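Report on the structure given below.
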Amino acid sequence: MHFLRLLAVAAFWVPFSLLAAHTSEAVATFNENGLATLTYGGAQFIKNGAPVIGSVTFADDTGADIQADRNQPTISFERSAQRLSYSWPWGAIRCRYQVAGSRLNIELDVENDTAGPMSGIALNLVELHFPQRPVGTPWEQRFEMMGDNNGDITAMVADYKTGVLTFCNDDPMSAIRAGFSPGSAQPQETWNVRITSLERKKDERMIFVAPHGKKVFHFSLRFSEPGVPLKTVAGDLVEKFATAHPFQLKWPDRRPIGMLTLASGTHTSPTNPRGWFDEPKDDFVGPNGMRRFREKILAQADRSIKILKSMDAQGMIFWDMEGEEFPKIEYIGDPRMTAQMAPEMEAVAPEFFERFHKAGLRTGVCIRPTRIVPGWDGKSKWQHLAMTFDVVEEMNQKIAYAKKHLGCLLFYVDSNVRAFFNPDGSVGFSLLEGAAFKHLADANPDVLIIPEIPRLEYWSCTAPYRELRPHAFGYHAATEPRVFDFYPRAFSIINPIDGNAEKYRDAVVAGQRHGDILLFRCWFPDEQNKIFKSIIDEARHP
């Protein structure tokens, strides 16, 4: 691999024909409007190098956004500094360009010269035209591809077959959205490098730039040859991110974990309202109902222990210990609610979990960042409440309860999202920030936390959940290689149930050798477990 050298020429536009012979070089040229051309490998990428300011808003006394007048800016280009400036009475936006090796660095300054807060901005840094359409569905479908540094770095890869252009936000901690946005349609098919401030939530007053203040952001367009790893192209950002979010997870036991689900919302009945054991005819309500349930659940524990031992498992996670009487809110994810939602389970729970512990197995439960409250819609007895309280502390209390009363050390976090109100009053959802799981991990260093929906930062302190079966979040046989660029010791909980484990066997085996933990059903002798056991054995004994 070798990187091509970028040359910055502080001059007016140079005809492309004069540069065509220098196919081994990439060249940036400038004119009075700033960036004029950017050439790499003989291809010219700039359709429009001048920034296009879409909107600038200021917040009034009520917090409402007021559009700034962007007409008739004073435009100047300083050739010595290679800095383009747009100035208005309310402030300025400046772009400074610097070529370093195979990348073009762009420094963006946003100045607020008023006594009020600037609340937002939207602009296109440049408009690009690729030699060929970059590969991948987002490019085919002309999706907007934006990153906001929230739990990951912003490094958008455009693989145009003869080369790769990676757009990066060089400040991994900066709060701003940046990426590729569709520009002109075919046949031109251009793409904008777009920068916007973060979207605000209802009743949230955004201060993007403080009164009489300035913010500086750093971006880069990084060229590389096909096949060069992202860690090579953006190693500086990987290092910054990993330093800011260091790896801290300590869980040396990588043996498989059993999945235990003992209820079904589709098999309920008046005598079995929680749908235990998928048997509507069972009677856990009438005379001696509690006794019958105790006998059956403890017999189930003994069967599951045998399956777990046959798989050399480290333990099990009980997904639905609160039962599934109310399908609209499954999984409940709150062991504290078992007494109210499944009193028959509450009565036997300590003895049930203790059987696993005596067999040398760990135990766990499912939790959620929600609170179960009486239904307010007239349709449900109970509902999930997701706002008006600290969801991280709510989960922390659930973990503390399960540890103290049930001896649990394994925690699957279902629907790990935070709810909020959009400005229009509708409810929006966003993944929990990495700091939320770091808080849980710091407070509970002896447990394994398994978020359902992953983001890069989670791997520093948790083992995110991944599924092999085909669906929107499926087709994962192992931890993605990209994660190891940031956290070489990271691992995931891989659920291959109902996926094609034989087809992806080599990938699953490789993941197991790297340290992934396999999940399997342990409430009945699942035929798939034979395949999973052979995969585990192959990984241990190549």
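If you're wondering about the labels, chains in the structure tokens are A, B, ... by order shown, residues count from 1 in each chain, ligands from 1 in order shown.
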Just want the 7 Å neighbourhood of A:Ala419, counted on only C-alpha atoms, with same-chain residues fewer than 6 positions away dropped. Output as a VMD selection string. chain A and resid 386 to 387 427 to 430
Suppose we keep all heavy atoms; can you now write the selection as a short mmCIF file (atom, residue, chain, number, x, y, z; two decimals), in the first residue's frame?
```cif
data_model
loop_
_atom_site.label_atom_id
_atom_site.label_comp_id
_atom_site.auth_asym_id
_atom_site.auth_seq_id
_atom_site.Cartn_x
_atom_site.Cartn_y
_atom_site.Cartn_z
N ALA A 386 -41.61 5.41 30.06
CA ALA A 386 -40.22 5.57 29.61
C ALA A 386 -39.67 6.97 29.87
O ALA A 386 -38.52 7.24 29.54
CB ALA A 386 -40.10 5.25 28.13
N MET A 387 -40.46 7.85 30.46
CA MET A 387 -40.00 9.22 30.71
C MET A 387 -40.37 9.65 32.12
O MET A 387 -41.04 8.91 32.84
CB MET A 387 -40.60 10.17 29.67
CG MET A 387 -39.99 9.99 28.28
SD MET A 387 -40.61 11.17 27.05
CE MET A 387 -42.09 10.35 26.51
N VAL A 427 -43.45 11.43 20.14
CA VAL A 427 -42.43 10.77 20.94
C VAL A 427 -41.35 10.20 20.03
O VAL A 427 -41.64 9.51 19.05
CB VAL A 427 -43.04 9.64 21.79
CG1 VAL A 427 -41.95 8.91 22.58
CG2 VAL A 427 -44.08 10.21 22.76
N GLY A 428 -40.11 10.50 20.34
CA GLY A 428 -38.98 9.96 19.61
C GLY A 428 -38.16 9.04 20.50
O GLY A 428 -38.32 9.04 21.73
N PHE A 429 -37.29 8.26 19.88
CA PHE A 429 -36.47 7.32 20.64
C PHE A 429 -35.03 7.40 20.12
O PHE A 429 -34.79 7.57 18.93
CB PHE A 429 -36.97 5.89 20.48
CG PHE A 429 -38.34 5.66 21.06
CD1 PHE A 429 -39.46 5.78 20.26
CD2 PHE A 429 -38.51 5.33 22.39
CE1 PHE A 429 -40.73 5.57 20.77
CE2 PHE A 429 -39.77 5.12 22.92
CZ PHE A 429 -40.89 5.24 22.12
N SER A 430 -34.10 7.29 21.03
CA SER A 430 -32.68 7.26 20.66
C SER A 430 -31.99 6.23 21.53
O SER A 430 -32.39 5.98 22.67
CB SER A 430 -32.03 8.63 20.84
OG SER A 430 -32.08 9.04 22.19
#
```
Among stretch 319-463 of chain A, which residues carry a DSSP assignment of helix (DSSP H, G or I), reported as a ChimeraX atom specification? /A:327-329,335-341,343-358,391-406,434-443,456-460
What's around A:Asp253 at 12 Å? Count only C-alpha atoms, leave out sequence neighbours fewer than 3 positions away in its own chain, and write the answer as an NGL selection string. :A and (249-250 or 256-257 or 312-315 or 361-362 or 447-448 or 491 or 512 or 515-518)
Atom CA of A:Val135 and atom CA of A:Phe217, how far apart in Å? 28.4 Å
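Using only C-alpha atoms, the smallest distance between any of A:Ser264, A:Thr196, A:Ser220, A:Asn500 and A:Gly101 comes from A:Ser220.
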Strand (DSSP E) residues, from DSSP on the backbone, in stretch 342-535 of chain A, as a PyMOL selection string: chain A and resi 362-367+371-374+382-385+410-413+417-421+427-431+448-451+465-467+493-495+517-521
Here is a test: counting only C-alpha atoms, which residue of A:Gly42, A:Pro172, A:Gly333, A:Gly213 is nearest to A:Gly91?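 Residue with the minimum atom-to-atom distance to A:Gly91: A:Gly213.
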Would you mind reading off the distance between atom CA of A:Leu237 and atom CA of A:Arg83, one decimal, in Å? 24.2 Å
Distance query A:Ile329 at most 12 Å, only C-alpha atoms, self and fewer than 4 positions along chain excluded, as JSON, numbers by chain: {"A": [265, 320, 322, 323, 324, 325, 333, 334, 341, 368, 370, 371, 372, 373, 374, 375, 380, 381, 382, 383, 384, 385, 414, 415]}
Near A:Lys306, within 12 Å and counting only C-alpha atoms, which residues show up once chain neighbours fewer than 2 positions away are dropped, as a list in words? Gly258, Ala299, Gln300, Ala301, Asp302, Arg303, Ser304, Leu308, Lys309, Ser310, Met311, Asp312, Ala313, Gly315, Met316, Arg355, Phe356, Ala359, Gly360, Leu361, Cys522, Trp523, Phe524 and Pro525 of chain A
Which residues come within 12 Å of A:Asp446, counting only C-alpha atoms, excluding same-chain residues fewer than 3 positions away, as a count of residues only? 21
Might you pull out every residue within 10 Å of A:Glu393, with only C-alpha atoms counted and same-chain residues fewer than 4 positions away left off, and present them as a CSV table (one decimal) with all heavy atoms, in the first residue's frame?
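Contents of the output file around.csv:
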```csv
chain,number,residue,atom,x,y,z
A,369,PRO,N,-35.0,-0.3,30.4
A,369,PRO,CA,-34.9,1.1,30.9
A,369,PRO,C,-36.3,1.8,31.0
A,369,PRO,O,-36.5,2.9,30.6
A,369,PRO,CB,-34.0,1.8,29.9
A,369,PRO,CG,-34.3,1.1,28.6
A,369,PRO,CD,-34.6,-0.3,29.0
A,389,PHE,N,-38.4,10.0,34.6
A,389,PHE,CA,-37.5,9.5,35.7
A,389,PHE,C,-36.1,9.2,35.0
A,389,PHE,O,-36.0,9.1,33.8
A,389,PHE,CB,-38.1,8.3,36.3
A,389,PHE,CG,-38.4,7.1,35.4
A,389,PHE,CD1,-37.4,6.2,35.2
A,389,PHE,CD2,-39.6,7.0,34.7
A,389,PHE,CE1,-37.6,5.1,34.3
A,389,PHE,CE2,-39.8,6.0,33.8
A,389,PHE,CZ,-38.8,5.0,33.6
A,397,GLN,N,-31.2,0.1,39.9
A,397,GLN,CA,-32.0,-0.5,41.0
A,397,GLN,C,-32.5,-1.9,40.7
A,397,GLN,O,-32.6,-2.7,41.6
A,397,GLN,CB,-33.2,0.5,41.3
A,397,GLN,CG,-32.7,1.8,41.9
A,397,GLN,CD,-33.9,2.7,42.2
A,397,GLN,OE1,-35.1,2.3,42.2
A,397,GLN,NE2,-33.6,4.0,42.4
A,398,LYS,N,-32.9,-2.1,39.4
A,398,LYS,CA,-33.3,-3.5,39.0
A,398,LYS,C,-32.2,-4.5,39.2
A,398,LYS,O,-32.4,-5.6,39.7
A,398,LYS,CB,-33.8,-3.4,37.6
A,398,LYS,CG,-35.1,-2.7,37.4
A,398,LYS,CD,-35.5,-2.6,35.9
A,398,LYS,CE,-36.8,-1.8,35.7
A,398,LYS,NZ,-37.2,-1.8,34.3
A,399,ILE,N,-31.0,-4.0,38.8
A,399,ILE,CA,-29.8,-4.9,38.9
A,399,ILE,C,-29.5,-5.2,40.4
A,399,ILE,O,-29.3,-6.3,40.8
A,399,ILE,CB,-28.6,-4.3,38.2
A,399,ILE,CG1,-28.8,-4.3,36.7
A,399,ILE,CG2,-27.3,-5.0,38.6
A,399,ILE,CD1,-27.7,-3.6,35.9
A,436,ALA,N,-24.4,5.8,29.8
A,436,ALA,CA,-25.4,5.1,30.6
A,436,ALA,C,-24.9,3.7,31.0
A,436,ALA,O,-25.0,3.3,32.2
A,436,ALA,CB,-26.7,5.0,29.9
A,439,HIS,N,-22.0,3.9,33.5
A,439,HIS,CA,-22.5,4.1,34.8
A,439,HIS,C,-22.9,2.8,35.4
A,439,HIS,O,-22.6,2.5,36.6
A,439,HIS,CB,-23.7,5.1,34.8
A,439,HIS,CG,-24.3,5.3,36.1
A,439,HIS,ND1,-23.9,6.2,37.1
A,439,HIS,CD2,-25.4,4.6,36.7
A,439,HIS,CE1,-24.7,6.1,38.1
A,439,HIS,NE2,-25.6,5.2,38.0
A,440,LEU,N,-23.7,2.0,34.7
A,440,LEU,CA,-24.1,0.7,35.2
A,440,LEU,C,-23.0,-0.2,35.5
A,440,LEU,O,-22.9,-0.9,36.5
A,440,LEU,CB,-25.1,0.0,34.2
A,440,LEU,CG,-26.5,0.6,34.1
A,440,LEU,CD1,-27.3,-0.1,33.0
A,440,LEU,CD2,-27.2,0.7,35.4
```
